[in-house]
Structures are given as structure tokens and as C-alpha cells.
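Just below is one structure, and these are the notes that go with it.
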Amino acid sequence: MTAITSIAIYAGLGFFLAGSLWRVLQYSRMPVHLRWEIYPVPGEGAKRADHGGSYFEEKDWWKKPRRSHPLNELKAMLAEILLLRGVWKLNRSLWWVSYPFHVGLYFLITGCAVAAAAAVLVNYEVSPALLLATRAFAWPGLLLTFVGSVGLLLRRVFDKQLRNYTSPSHLFNVGGFALSCGMILAGSTSGAMPPLKTAVCGLLTLQWNLHLPLLLNLGILLGSAMTGYIPYSHMAHFIAKYFTYHSVRWDDAEKSKSMEVQIAECLAYHPTWSAAHYGGDGTKSWAEIATTCPVITERTKQ
Amino acid sequence: MSKLTHISDAWRQDGEPITRLDENDLPSLPASLNEGRQGAALPVLSAKTMDACECGLDGACALNIVHPKSREEEEALVASFLSGLDKLFSKENNWTFLQPLLLTMEHCTGCQTCSTSCHIYDASGHNEIYRPSYRTEILRRLYFKHVKQGGLLSAWQHGKIELNWPLIARLAELAYRCNLCRRCAQACPIGVDNGLVARELRKIFSQEMGISPKEIHDKGSMLQLKSGSTTGMNPAGVRDNMDFVDDEISEKTGLEVHTPWDVEGADILVIHNAGEILAWPENPGAFSVILNAAGIRWTLSSELSGYDGVNYGLWYDDAQFARVAMKHLEIARKLKVKAIVVGECGHAHKALGVIANRIALGDLDIPFVSSMTLLRDIVAGGKLKLDPSRNDFPITLHDPCNMVRLMGIVEPQREILRAIAPRFREMTPHGVDNYCCGGGSGFAIMSPNNFGDWRAQVSGRKKLEQVMNAFSESLWPDTRKYVCAPCSNCKGQLRDLFTYWDIWEKHRILYGGLVELIVNAMTDVKPGFIDWEWR
């Protein structure tokens, strides 16, 4: 059983990494799109971003070099990632369940990374400290994720506004996290739990003779499956968010040479929209369509 | 309170509206405005309209989509919609917005944070169909089922959907119950953009099915491409009208006002919303006064489409957008100007300044300058002699969404008002957090059937509340008040909104542009440039 659990951990991680990579490639390979930013854009710098201003407010802006302000952007990102500032400001009642869930996951991810380090460095002096740190991150991580996911599940079930937009998979997702954390918590506190060092090293080094409590095994199995499934569901919004912010919402970038090449490629596409005024019969490029109007041309001929 | 409308109601086949607006559900307004108004928020559509058109959404009708006459016609319409849906998600057909659209389709968590920010949802008394995510949820389910071919797994993962003609007809109307102000997108923690979804839906209907509001397409972008302006003014007509404006403004100001045309090598090409010339001629006239007084080398263009900055394609159709934008850029290139300045028109600002930016390559990449910034530089540069006491009346500022939240032009207009309007006060909220006037995305020019009532009762309600609150200490009619709205579209909406609620008669609140206030404060202009008359 534990051997299966060990394999599941690596499989879950593998699926997660492969799925995340697929998502990143999917979005980064999209054609360049038209500008569609929303202000404030923190890259404009604190002075302008505070009131939501842009370079358009500046006299003769095109005669001056555009400056980017990555630190200001980072500040906005950290507030959003670490504090869920947007939800806090506009959807406070949801924040009380969403925040523990997300922070719990951050703790769990950190805890898993530290546990892996502890297993790798098991023969070094740093190992006990790493095991201590594993506990310090894993316990609050499990508790917060459990509380958050149960809270989210209850909101989905009992809040009629959310229920209208809830599919079975939403319940499965948060329910899966709640169940997994619950089983790991229950299993870890049972009497059959071996020392942490034994459990961590055994699981990560595929020791077939390791015996863990059944609930812990099941919890890790489910947690691994959930981890592997994340990038293939809407929960991959941690990846999407990078693109929605940097490639859409905050993207007021000047045209670079490479962007101009990409745009030129797009202008050569042959759209096939069917409405008469569009004129997308497949023979004209986007650029040709943008400079002619078939309905007017036809009327002029008549 | 109306009963909760479910997603599944959208494909109901009974032909009845899936919700109806009741006055009692709408947030209250000051008592003076509610006198004599009770019951249904919207007049009931005529039997003729109901018999002829699809009116199955909310008892309002913006599009006049004719019922299919046969089963075959209905099936053909469904097939056409499906074809458009596929194209919306292909890079050859929709490279312009594919990435933001896919991100929106695939990553909404359904947290409904967006709803808290939508003025329409709020002003409707939280009617479910106006929730920003309602139409997005329908499109998302269609996308996963029909574009991604999700099968049974799709229903489990993303929810059930049944595609039929009633759903499509309701979706078409629903695409025109959003002002595209994108306040919801600004609020979304993930960056999902429900405003974009409304626009992209409009594209399926226009670009594939040939369905769009007559006011925006036939009498809008098509008329502009054909005759030069959505007003119908041809090049000769616009010059005649501007000559008349010059005469009128010369008489009114006591200055010799002359508007320059087609000056090659001018520093800037000014493009007004041509509707101003007919509806609010004092606005382009005031521009002429200011630019001449400031000694700017400027010009208007009398070339076809060059004298009308509007670009309705921005709201519903990429091809129509690009055609008009390319004409504007081409005209500026031919005139060899250093920059294009768009007058007081929010969507024309965004069309040329932001959206057209990436398709303007080579020598068409001409710098865009906002009239707000130019005017700020003129006022701050001390080129005009100004007496703020001439504007000694309560003034508040409406922020046009396109110019402010979607372009970041926030402070210049405020710097001007602080300099020339001693009794200027902000609305709450304002700046990039502003609320739309309710006329955005073409609504200001759309009033078929009872849609004008819907605009006044629902989409404009929040703005009305903001205006009333901004003047709360002086609402009585013996104090004249001014809402500065530096956008033609917003002014059109405020005109209709104030007329509907009798705001001028009851509270003496006037709307107008920014340049009128500047000229009103100019000491070498005869006093009283602003006409305190309702138009």
C-alpha cells in the first residue's frame, strides 16, 4: 500500500509539472492580441499607478523613453498572491474561507519542499532542523487547507448565488482537498504513525517495507491525485493569472520589433467570418479586410 | 424580489421572458424622482413587437431579431451560431482577442466577486441575468461542450447546457445588457473579463450571423464608411456646418473664430466626434477658440471619415473597427501631422489610442494625444487668461470609462477643473473606480422599443444616484449645477437620463463638456459662454 502511495506522489507531481508546462506553453504560444489593459497598471510606477494614470497623461509622451517599474509591479503581485487583496476588498465574506485555503496550500507546498530536502539531506546535520520545519509548515498547512476547503464547500452548497454557477466538479475539487487533508490529519495523529523522519524518507525513497496508517496512505493518494489534476482544471488559475495580469490587464507595452513581426503574421491570416459586410471568403487577408468593405464596394459598383 | 433565474432558464422554449423588472426590486432613488412612478420598471412591449421579434429575455428588446419562420430557418440559425462559436476560438479568425478570451473561458472560479462591481447588476436589484458572470457562464458551457467537444465530462466539469434557438436569441439580447465598462474585469482577482465576453458574443452575432443593432451597424459604422460620418454628414456638409459653428461662436465669444481644414504639416490633427457638431456645436467651437488662443498649429480633416472620430466597431465588430481606424490613421499620415488629438469622445480615444495601436505599423504608427492632456498643458502653461470665478457654481466630473479606467487618463481633466472651477467636487467613487454613465458600448444611441426606458431605469441608475449625491447639499432648483462629461457618448446618455427623470426641471442640473468650462472662464471671451438652457 505504502509503495503505491510513494509512486502516487511522484506520479501526481509528474502530472502536475507536465500539465503546468502544457498550460504555460498553451498561453504563451497564443498569437499577440490587441491591447486590452485596465488601469491602474502598476508598471506605470507608484506616482501614476496610485491614481490609475498612464503615460497618456504625460506631455509629448512619445518623445521620451518609456520606463517600466518592476518593483511596483512586484508589490502589487505580492499583495494579490499573499493576501488575496482583491477578494478582501470586494468579497470579504468569501475571503474568510478562501484565504485559509490558499495560505494553507502555500504552507503545504513549502512543507513538502522542506520534507523533500530533509529526505535528501538525511545524513547531514541540517536534517533535524528541516524535519522541524516540515512540521511547522505541514501542520498549519493541513489545518488551514482543511478549514478553507470545508468552508468553500459549504459556501458552494448553501449560498444560492454560488450554487447557480457550481458544477459537480467544483464540489469534487474542494471536497477532494477537504477529504485528503482530513485523512492525512487523522492518519498522522493515529498511534500507528511512525516517526516523521522514517515516514518522509520512506515515502520519498520508495522504501517498500514502510508501513503507514491506512488513512494517511489514502489521504496522500487522494492528495497526489488532486495535485496531478490541478493543471487540467480551472484550478490552474495560478498559471492563468500570470497571463491575465501581465499579458492583458497590465500590458501597455510599446511595440517591439518582434511584436511587429508577430502582428504582421496575424495580419496575413485569412479569416472566414460569414456575414456579408465582413467579406471573409477565405481569399482575403485580415489586412485586406481591414482596408475594404465589400458591401460598400458592391454598392459603389452598382 | 424576483425569483432566482437559473442558467437553465436561458434555453427555455416557452418564448416568455425569463425575468421581468419590477420597480419594487430596484434600489430606491430620491423621493422627488419617484413621483408618479410605480409598478413595472419598463413599459410592456407592444403585441406587434412581441409577435414579430425575439423578446424572451427581460421584457426589453434592443435588437429586433425576427422570429425564424420555419424549423429549417431555426436550424440554420443554430448552425450559423455554432460556426461563429468555432471561429471565435480560432487564431485565424480571432487572433485579436483569443488569448484574453481563452483565459476567461478556462479559469473562472465562479466566486462572483465581479458582481459586486457591476452597476447594472446592482441597479437592477441584483437580478440574476445581469450578473456579469451569467452570460459568461452560458458561453463557457457552450465552449467546453461544442468547441472543446467535452462530451459527458464537460457537463460534470463545467455544467449542463442545451443549445437551441431560444438560448441563442436570449444570448444576443444579453450581449447588449452590458456597457463594456469592464469594472467587473478590474474587480476579478483572477483577471477574468466578463466585459470582453459580452463584446466577443456581439462579434459572433455581427461577424457571422449579421445580427447587430441597426443604430450601431447600418446607421453607424456602415454609414460612416459610406458617407464619412455616423451623422450622415458628407465632407461638404461638415465644412458647411463648422463654418456655421465658427460664425456662432465668433458672435458668442466676441473673438474671430476660424477652424482650419486640411492643413498639411500641421502639428496636430484634431478629430471630433461629429455628433458634437450637430448636437452640441459649442463643444467643437470651444476647441477652436482654445487651440487658436494657445497658438497651436492644428487642423481638422475634411476627407471621408476623417472628420468623425467615432468608431462603433469597437463595441461589436473587429472588421468595422479596423476599417474606420485605418482610415483615421491614413488621413493623419497623408496630412503629415506629428500627432492625432481626439476631442471629447471616450470610445474614439480608446479606439485610436489603445486598440488600434497594435495594427498601426510603419508610418501609420502616429502618436495619439488625449485632448485632456493637451488642454491641461495649455491651461497649466498659462497660455489662456482664465478667471475661475466665472465658473462659480457646483461642478462634478463624470469619468468616461474608455478614457479613464481603460486608458489611464485620470488627472489632466482634474488639474484643469481644480484651476478653473472653485466649486468642483468629485463623485463617489471616481477615477478608475468610476461607474459607467449607462450609455457605454453604443447604448447611448440605442432606443428601440423600450430600450431607452431600460437605459434610464437600469444602466443609468447608478450614475444618476452618483450625480444626485455629488450635489446633495444644493439639490434645490435655485442653484444651477453642472456635470462635466468630457465624452459625447456619455453626454448623450446624460441627456436622455436627465430628461427621463426630469432632472433639469426638478434640480437644475445641466451636463456639458470640459472645453465649454474653459472658454467660460476665459477673460477675453464675453461672459456667459455656457447656456443655462436644457437641450
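Here's how to read the names in the C-alpha cells: chain A, B, ... by the order shown, residue numbers from 1 in each chain, ligand numbers from 1 in the order shown.
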
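Selected on chain A by distance to chain B: A:Pro31, A:His33, A:Leu34, A:Arg35, A:Ile38, A:Tyr39, A:Gly52, A:Gly53, A:Ser54, A:Glu57, A:Gly86, A:Asn91, A:Ser167, A:Pro168, A:Ser169, A:His234, A:His237, A:Lys241, A:Thr244, A:Tyr269, A:Pro271, A:Trp273, A:Ser274, A:Ala275, A:Ala290, A:Thr291 (within 6 Å, counting only C-alpha atoms).
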
Quick one: DSSP helix (DSSP H, G or I) residues in stretch 411-522 of chain B, as a short mmCIF file (atom, residue, chain, number, x, y, z; two decimals) with N, CA and C atoms, in the first residue's frame?
```cif
data_model
loop_
_atom_site.label_atom_id
_atom_site.label_comp_id
_atom_site.auth_asym_id
_atom_site.auth_seq_id
_atom_site.Cartn_x
_atom_site.Cartn_y
_atom_site.Cartn_z
N GLU B 411 -5.87 62.27 -14.37
CA GLU B 411 -5.56 63.53 -13.68
C GLU B 411 -5.68 64.78 -14.54
N PRO B 412 -5.32 64.77 -15.84
CA PRO B 412 -5.32 66.04 -16.59
C PRO B 412 -6.63 66.82 -16.47
N GLN B 413 -7.75 66.15 -16.64
CA GLN B 413 -9.04 66.86 -16.57
C GLN B 413 -9.30 67.40 -15.17
N ARG B 414 -8.77 66.71 -14.18
CA ARG B 414 -8.95 67.17 -12.79
C ARG B 414 -8.07 68.40 -12.52
N GLU B 415 -6.86 68.37 -13.06
CA GLU B 415 -5.98 69.53 -12.88
C GLU B 415 -6.63 70.77 -13.48
N ILE B 416 -7.27 70.59 -14.61
CA ILE B 416 -7.96 71.73 -15.24
C ILE B 416 -9.09 72.23 -14.35
N LEU B 417 -9.91 71.30 -13.90
CA LEU B 417 -11.07 71.70 -13.08
C LEU B 417 -10.64 72.36 -11.77
N ARG B 418 -9.56 71.85 -11.19
CA ARG B 418 -9.08 72.48 -9.94
C ARG B 418 -8.64 73.92 -10.20
N ALA B 419 -8.16 74.16 -11.44
CA ALA B 419 -7.67 75.50 -11.77
C ALA B 419 -8.80 76.45 -12.15
N ILE B 420 -9.88 75.93 -12.68
CA ILE B 420 -10.91 76.85 -13.23
C ILE B 420 -12.28 76.74 -12.57
N GLY B 431 -12.60 58.41 -10.75
CA GLY B 431 -11.34 57.96 -11.34
C GLY B 431 -11.49 56.58 -11.95
N VAL B 432 -10.49 55.75 -11.77
CA VAL B 432 -10.55 54.41 -12.39
C VAL B 432 -11.60 53.52 -11.74
N ASP B 433 -12.16 53.95 -10.61
CA ASP B 433 -13.22 53.17 -9.95
C ASP B 433 -14.62 53.69 -10.30
N GLY B 440 -22.67 53.41 -22.23
CA GLY B 440 -21.48 52.86 -22.87
C GLY B 440 -21.77 51.72 -23.82
N SER B 441 -20.86 51.53 -24.75
CA SER B 441 -20.87 50.43 -25.75
C SER B 441 -22.01 50.58 -26.73
N GLY B 442 -22.43 51.81 -26.98
CA GLY B 442 -23.44 52.05 -28.01
C GLY B 442 -24.82 52.30 -27.47
N PHE B 443 -25.04 52.03 -26.19
CA PHE B 443 -26.40 52.16 -25.64
C PHE B 443 -26.93 53.59 -25.78
N ALA B 444 -26.04 54.56 -25.69
CA ALA B 444 -26.50 55.96 -25.71
C ALA B 444 -27.21 56.31 -27.01
N ILE B 445 -26.92 55.57 -28.07
CA ILE B 445 -27.60 55.88 -29.33
C ILE B 445 -28.67 54.83 -29.65
N PHE B 451 -36.09 50.09 -24.96
CA PHE B 451 -34.70 50.01 -24.52
C PHE B 451 -34.24 51.33 -23.87
N GLY B 452 -34.80 52.44 -24.34
CA GLY B 452 -34.47 53.73 -23.73
C GLY B 452 -34.90 53.76 -22.27
N ASP B 453 -36.05 53.15 -21.99
CA ASP B 453 -36.51 53.08 -20.59
C ASP B 453 -35.57 52.21 -19.77
N TRP B 454 -35.13 51.12 -20.37
CA TRP B 454 -34.20 50.22 -19.67
C TRP B 454 -32.91 50.97 -19.31
N ARG B 455 -32.43 51.78 -20.27
CA ARG B 455 -31.21 52.56 -20.02
C ARG B 455 -31.40 53.52 -18.85
N ALA B 456 -32.56 54.16 -18.81
CA ALA B 456 -32.81 55.14 -17.76
C ALA B 456 -33.08 54.48 -16.41
N GLN B 457 -33.78 53.35 -16.46
CA GLN B 457 -34.15 52.68 -15.21
C GLN B 457 -33.02 51.83 -14.64
N VAL B 458 -32.26 51.21 -15.52
CA VAL B 458 -31.27 50.24 -15.03
C VAL B 458 -29.83 50.71 -15.26
N SER B 459 -29.40 50.77 -16.52
CA SER B 459 -27.96 51.00 -16.74
C SER B 459 -27.52 52.40 -16.30
N ARG B 461 -28.98 54.12 -13.77
CA ARG B 461 -29.47 54.40 -12.42
C ARG B 461 -28.34 54.76 -11.44
N LYS B 462 -27.26 54.01 -11.55
CA LYS B 462 -26.14 54.22 -10.62
C LYS B 462 -25.52 55.61 -10.84
N LYS B 463 -25.39 55.98 -12.10
CA LYS B 463 -24.80 57.30 -12.40
C LYS B 463 -25.72 58.41 -11.89
N LEU B 464 -27.02 58.22 -12.06
CA LEU B 464 -27.97 59.21 -11.57
C LEU B 464 -27.81 59.38 -10.06
N GLU B 465 -27.71 58.27 -9.38
CA GLU B 465 -27.54 58.30 -7.92
C GLU B 465 -26.25 59.05 -7.55
N GLN B 466 -25.17 58.77 -8.30
CA GLN B 466 -23.89 59.45 -8.04
C GLN B 466 -24.00 60.95 -8.23
N VAL B 467 -24.68 61.36 -9.32
CA VAL B 467 -24.81 62.79 -9.61
C VAL B 467 -25.59 63.46 -8.50
N MET B 468 -26.70 62.85 -8.11
CA MET B 468 -27.53 63.43 -7.05
C MET B 468 -26.73 63.55 -5.75
N ASN B 469 -25.96 62.52 -5.44
CA ASN B 469 -25.16 62.56 -4.21
C ASN B 469 -24.08 63.64 -4.27
N ALA B 470 -23.50 63.82 -5.45
CA ALA B 470 -22.43 64.83 -5.58
C ALA B 470 -22.95 66.24 -5.30
N SER B 472 -25.59 66.86 -3.26
CA SER B 472 -26.60 66.66 -2.21
C SER B 472 -26.88 67.93 -1.39
N GLU B 473 -25.88 68.81 -1.26
CA GLU B 473 -26.09 69.99 -0.40
C GLU B 473 -26.80 71.11 -1.17
N SER B 474 -26.96 70.94 -2.48
CA SER B 474 -27.56 72.04 -3.25
C SER B 474 -28.53 71.51 -4.30
N SER B 488 -18.78 62.50 -25.75
CA SER B 488 -20.05 62.68 -26.46
C SER B 488 -21.06 61.60 -26.09
N ASN B 489 -20.59 60.38 -26.05
CA ASN B 489 -21.48 59.26 -25.76
C ASN B 489 -22.09 59.43 -24.36
N CYS B 490 -21.25 59.79 -23.40
CA CYS B 490 -21.75 59.98 -22.03
C CYS B 490 -22.73 61.13 -21.98
N LYS B 491 -22.44 62.20 -22.75
CA LYS B 491 -23.36 63.34 -22.76
C LYS B 491 -24.71 62.93 -23.34
N GLY B 492 -24.68 62.10 -24.38
CA GLY B 492 -25.93 61.61 -24.96
C GLY B 492 -26.75 60.83 -23.93
N GLN B 493 -26.05 60.01 -23.16
CA GLN B 493 -26.74 59.23 -22.13
C GLN B 493 -27.27 60.14 -21.03
N LEU B 494 -26.44 61.11 -20.60
CA LEU B 494 -26.89 62.02 -19.53
C LEU B 494 -28.09 62.83 -19.99
N ARG B 495 -28.06 63.23 -21.26
CA ARG B 495 -29.21 63.98 -21.80
C ARG B 495 -30.49 63.15 -21.66
N ASP B 496 -30.41 61.87 -22.11
CA ASP B 496 -31.60 61.01 -22.05
C ASP B 496 -31.99 60.69 -20.61
N LEU B 497 -30.98 60.46 -19.79
CA LEU B 497 -31.21 60.09 -18.39
C LEU B 497 -31.87 61.25 -17.63
N PHE B 498 -31.32 62.45 -17.83
CA PHE B 498 -31.85 63.61 -17.13
C PHE B 498 -33.26 63.96 -17.64
N THR B 499 -33.47 63.74 -18.94
CA THR B 499 -34.80 64.01 -19.49
C THR B 499 -35.82 63.04 -18.88
N TYR B 500 -35.44 61.79 -18.85
CA TYR B 500 -36.35 60.75 -18.33
C TYR B 500 -36.76 61.06 -16.90
N ILE B 503 -34.59 65.89 -14.50
CA ILE B 503 -33.56 66.42 -13.61
C ILE B 503 -33.37 67.93 -13.76
N TRP B 504 -33.49 68.43 -14.97
CA TRP B 504 -33.31 69.87 -15.18
C TRP B 504 -34.44 70.65 -14.50
N GLU B 505 -35.65 70.21 -14.73
CA GLU B 505 -36.79 70.91 -14.14
C GLU B 505 -36.77 70.83 -12.61
N LYS B 506 -36.48 69.65 -12.11
CA LYS B 506 -36.58 69.45 -10.66
C LYS B 506 -35.35 69.93 -9.90
N HIS B 507 -34.17 69.83 -10.55
CA HIS B 507 -32.95 70.10 -9.78
C HIS B 507 -31.95 71.04 -10.47
N VAL B 515 -14.31 71.65 -22.36
CA VAL B 515 -13.85 72.86 -23.07
C VAL B 515 -14.80 74.03 -22.88
N GLU B 516 -16.08 73.75 -22.73
CA GLU B 516 -17.06 74.82 -22.51
C GLU B 516 -16.73 75.55 -21.20
N LEU B 517 -16.32 74.79 -20.19
CA LEU B 517 -15.97 75.42 -18.91
C LEU B 517 -14.70 76.26 -19.03
N ILE B 518 -13.75 75.77 -19.84
CA ILE B 518 -12.50 76.53 -20.03
C ILE B 518 -12.81 77.86 -20.72
N VAL B 519 -13.59 77.78 -21.81
CA VAL B 519 -13.91 79.02 -22.53
C VAL B 519 -14.76 79.95 -21.65
N ASN B 520 -15.63 79.35 -20.86
CA ASN B 520 -16.47 80.16 -19.95
C ASN B 520 -15.62 80.96 -18.98
N ALA B 521 -14.41 80.43 -18.69
CA ALA B 521 -13.52 81.10 -17.73
C ALA B 521 -12.54 82.05 -18.41
#
```

Given only C-alpha atoms as the counted atoms, nearest of B:Glu162, B:Asp58, B:Glu276, B:Glu75 to B:Tyr143
B:Glu162

Residue nearest B:Leu514 - candidates B:Thr479, B:Thr49, B:Asn283, B:Asn449, atoms counted: only C-alpha atoms:
B:Asn283

What does the distance between atom CA of B:Val341 and atom CA of A:Tyr278 come to in Å, to one decimal place?
28.9 Å

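Near A:Asn72, within a cut-off of 7 Å and counting only C-alpha atoms, sit the residues Pro42, Gly43, Gly45, Ala46, His69, Pro70, Leu74, Lys75 and Ala76 of chain A, with same-chain residues fewer than 2 positions away left out.
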
Store the residues picked out above, limited to all heavy atoms, as a PDB file, in the first residue's frame.
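Once written, again_16.pdb looks like this:
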```pdb
ATOM      1  N   PRO A  42       0.345  48.841 -12.495  1.00  0.00           N
ATOM      2  CA  PRO A  42       1.438  49.162 -11.563  1.00  0.00           C
ATOM      3  C   PRO A  42       2.777  49.413 -12.236  1.00  0.00           C
ATOM      4  O   PRO A  42       3.614  50.135 -11.694  1.00  0.00           O
ATOM      5  CB  PRO A  42       1.496  47.944 -10.638  1.00  0.00           C
ATOM      6  CG  PRO A  42       0.673  46.903 -11.274  1.00  0.00           C
ATOM      7  CD  PRO A  42      -0.276  47.559 -12.204  1.00  0.00           C
ATOM      8  N   GLY A  43       2.976  48.866 -13.438  1.00  0.00           N
ATOM      9  CA  GLY A  43       4.216  49.088 -14.167  1.00  0.00           C
ATOM     10  C   GLY A  43       4.419  50.546 -14.553  1.00  0.00           C
ATOM     11  O   GLY A  43       5.501  50.937 -14.992  1.00  0.00           O
ATOM     12  N   GLY A  45       4.507  52.834 -12.501  1.00  0.00           N
ATOM     13  CA  GLY A  45       5.222  53.475 -11.397  1.00  0.00           C
ATOM     14  C   GLY A  45       4.252  53.963 -10.340  1.00  0.00           C
ATOM     15  O   GLY A  45       3.102  54.295 -10.647  1.00  0.00           O
ATOM     16  N   ALA A  46       4.744  54.018  -9.105  1.00  0.00           N
ATOM     17  CA  ALA A  46       3.861  54.320  -7.978  1.00  0.00           C
ATOM     18  C   ALA A  46       3.174  55.670  -8.137  1.00  0.00           C
ATOM     19  O   ALA A  46       1.994  55.827  -7.835  1.00  0.00           O
ATOM     20  CB  ALA A  46       4.668  54.294  -6.681  1.00  0.00           C
ATOM     21  N   HIS A  69       8.449  49.841 -14.192  1.00  0.00           N
ATOM     22  CA  HIS A  69       8.667  49.861 -12.741  1.00  0.00           C
ATOM     23  C   HIS A  69       8.383  48.475 -12.178  1.00  0.00           C
ATOM     24  O   HIS A  69       7.324  48.267 -11.557  1.00  0.00           O
ATOM     25  CB  HIS A  69       7.773  50.922 -12.084  1.00  0.00           C
ATOM     26  CG  HIS A  69       8.092  52.313 -12.521  1.00  0.00           C
ATOM     27  ND1 HIS A  69       7.665  52.837 -13.722  1.00  0.00           N
ATOM     28  CD2 HIS A  69       8.822  53.297 -11.918  1.00  0.00           C
ATOM     29  CE1 HIS A  69       8.107  54.074 -13.840  1.00  0.00           C
ATOM     30  NE2 HIS A  69       8.816  54.373 -12.762  1.00  0.00           N
ATOM     31  N   PRO A  70       9.314  47.536 -12.398  1.00  0.00           N
ATOM     32  CA  PRO A  70       9.055  46.150 -11.984  1.00  0.00           C
ATOM     33  C   PRO A  70       8.834  45.996 -10.474  1.00  0.00           C
ATOM     34  O   PRO A  70       8.072  45.133 -10.049  1.00  0.00           O
ATOM     35  CB  PRO A  70      10.313  45.394 -12.436  1.00  0.00           C
ATOM     36  CG  PRO A  70      11.330  46.428 -12.763  1.00  0.00           C
ATOM     37  CD  PRO A  70      10.599  47.679 -13.084  1.00  0.00           C
ATOM     38  N   LEU A  74       5.835  44.140  -8.707  1.00  0.00           N
ATOM     39  CA  LEU A  74       6.054  43.052  -7.749  1.00  0.00           C
ATOM     40  C   LEU A  74       5.249  43.288  -6.468  1.00  0.00           C
ATOM     41  O   LEU A  74       4.645  42.365  -5.907  1.00  0.00           O
ATOM     42  CB  LEU A  74       7.551  42.950  -7.429  1.00  0.00           C
ATOM     43  CG  LEU A  74       7.962  41.781  -6.547  1.00  0.00           C
ATOM     44  CD1 LEU A  74       7.737  40.450  -7.258  1.00  0.00           C
ATOM     45  CD2 LEU A  74       9.441  41.890  -6.146  1.00  0.00           C
ATOM     46  N   LYS A  75       5.231  44.539  -6.042  1.00  0.00           N
ATOM     47  CA  LYS A  75       4.482  44.887  -4.830  1.00  0.00           C
ATOM     48  C   LYS A  75       2.996  44.549  -5.013  1.00  0.00           C
ATOM     49  O   LYS A  75       2.366  43.946  -4.135  1.00  0.00           O
ATOM     50  CB  LYS A  75       4.639  46.403  -4.584  1.00  0.00           C
ATOM     51  CG  LYS A  75       4.408  46.836  -3.169  1.00  0.00           C
ATOM     52  CD  LYS A  75       4.777  48.320  -3.042  1.00  0.00           C
ATOM     53  CE  LYS A  75       3.560  49.123  -2.674  1.00  0.00           C
ATOM     54  NZ  LYS A  75       3.738  50.563  -2.756  1.00  0.00           N
ATOM     55  N   ALA A  76       2.459  44.915  -6.167  1.00  0.00           N
ATOM     56  CA  ALA A  76       1.042  44.627  -6.436  1.00  0.00           C
ATOM     57  C   ALA A  76       0.804  43.122  -6.511  1.00  0.00           C
ATOM     58  O   ALA A  76      -0.204  42.606  -6.023  1.00  0.00           O
ATOM     59  CB  ALA A  76       0.618  45.298  -7.746  1.00  0.00           C
TER      60      ALA A  76
END
```

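When atom CA of A:Trp22 is paired with atom CA of A:Ala236, their separation reads 11.0 Å.
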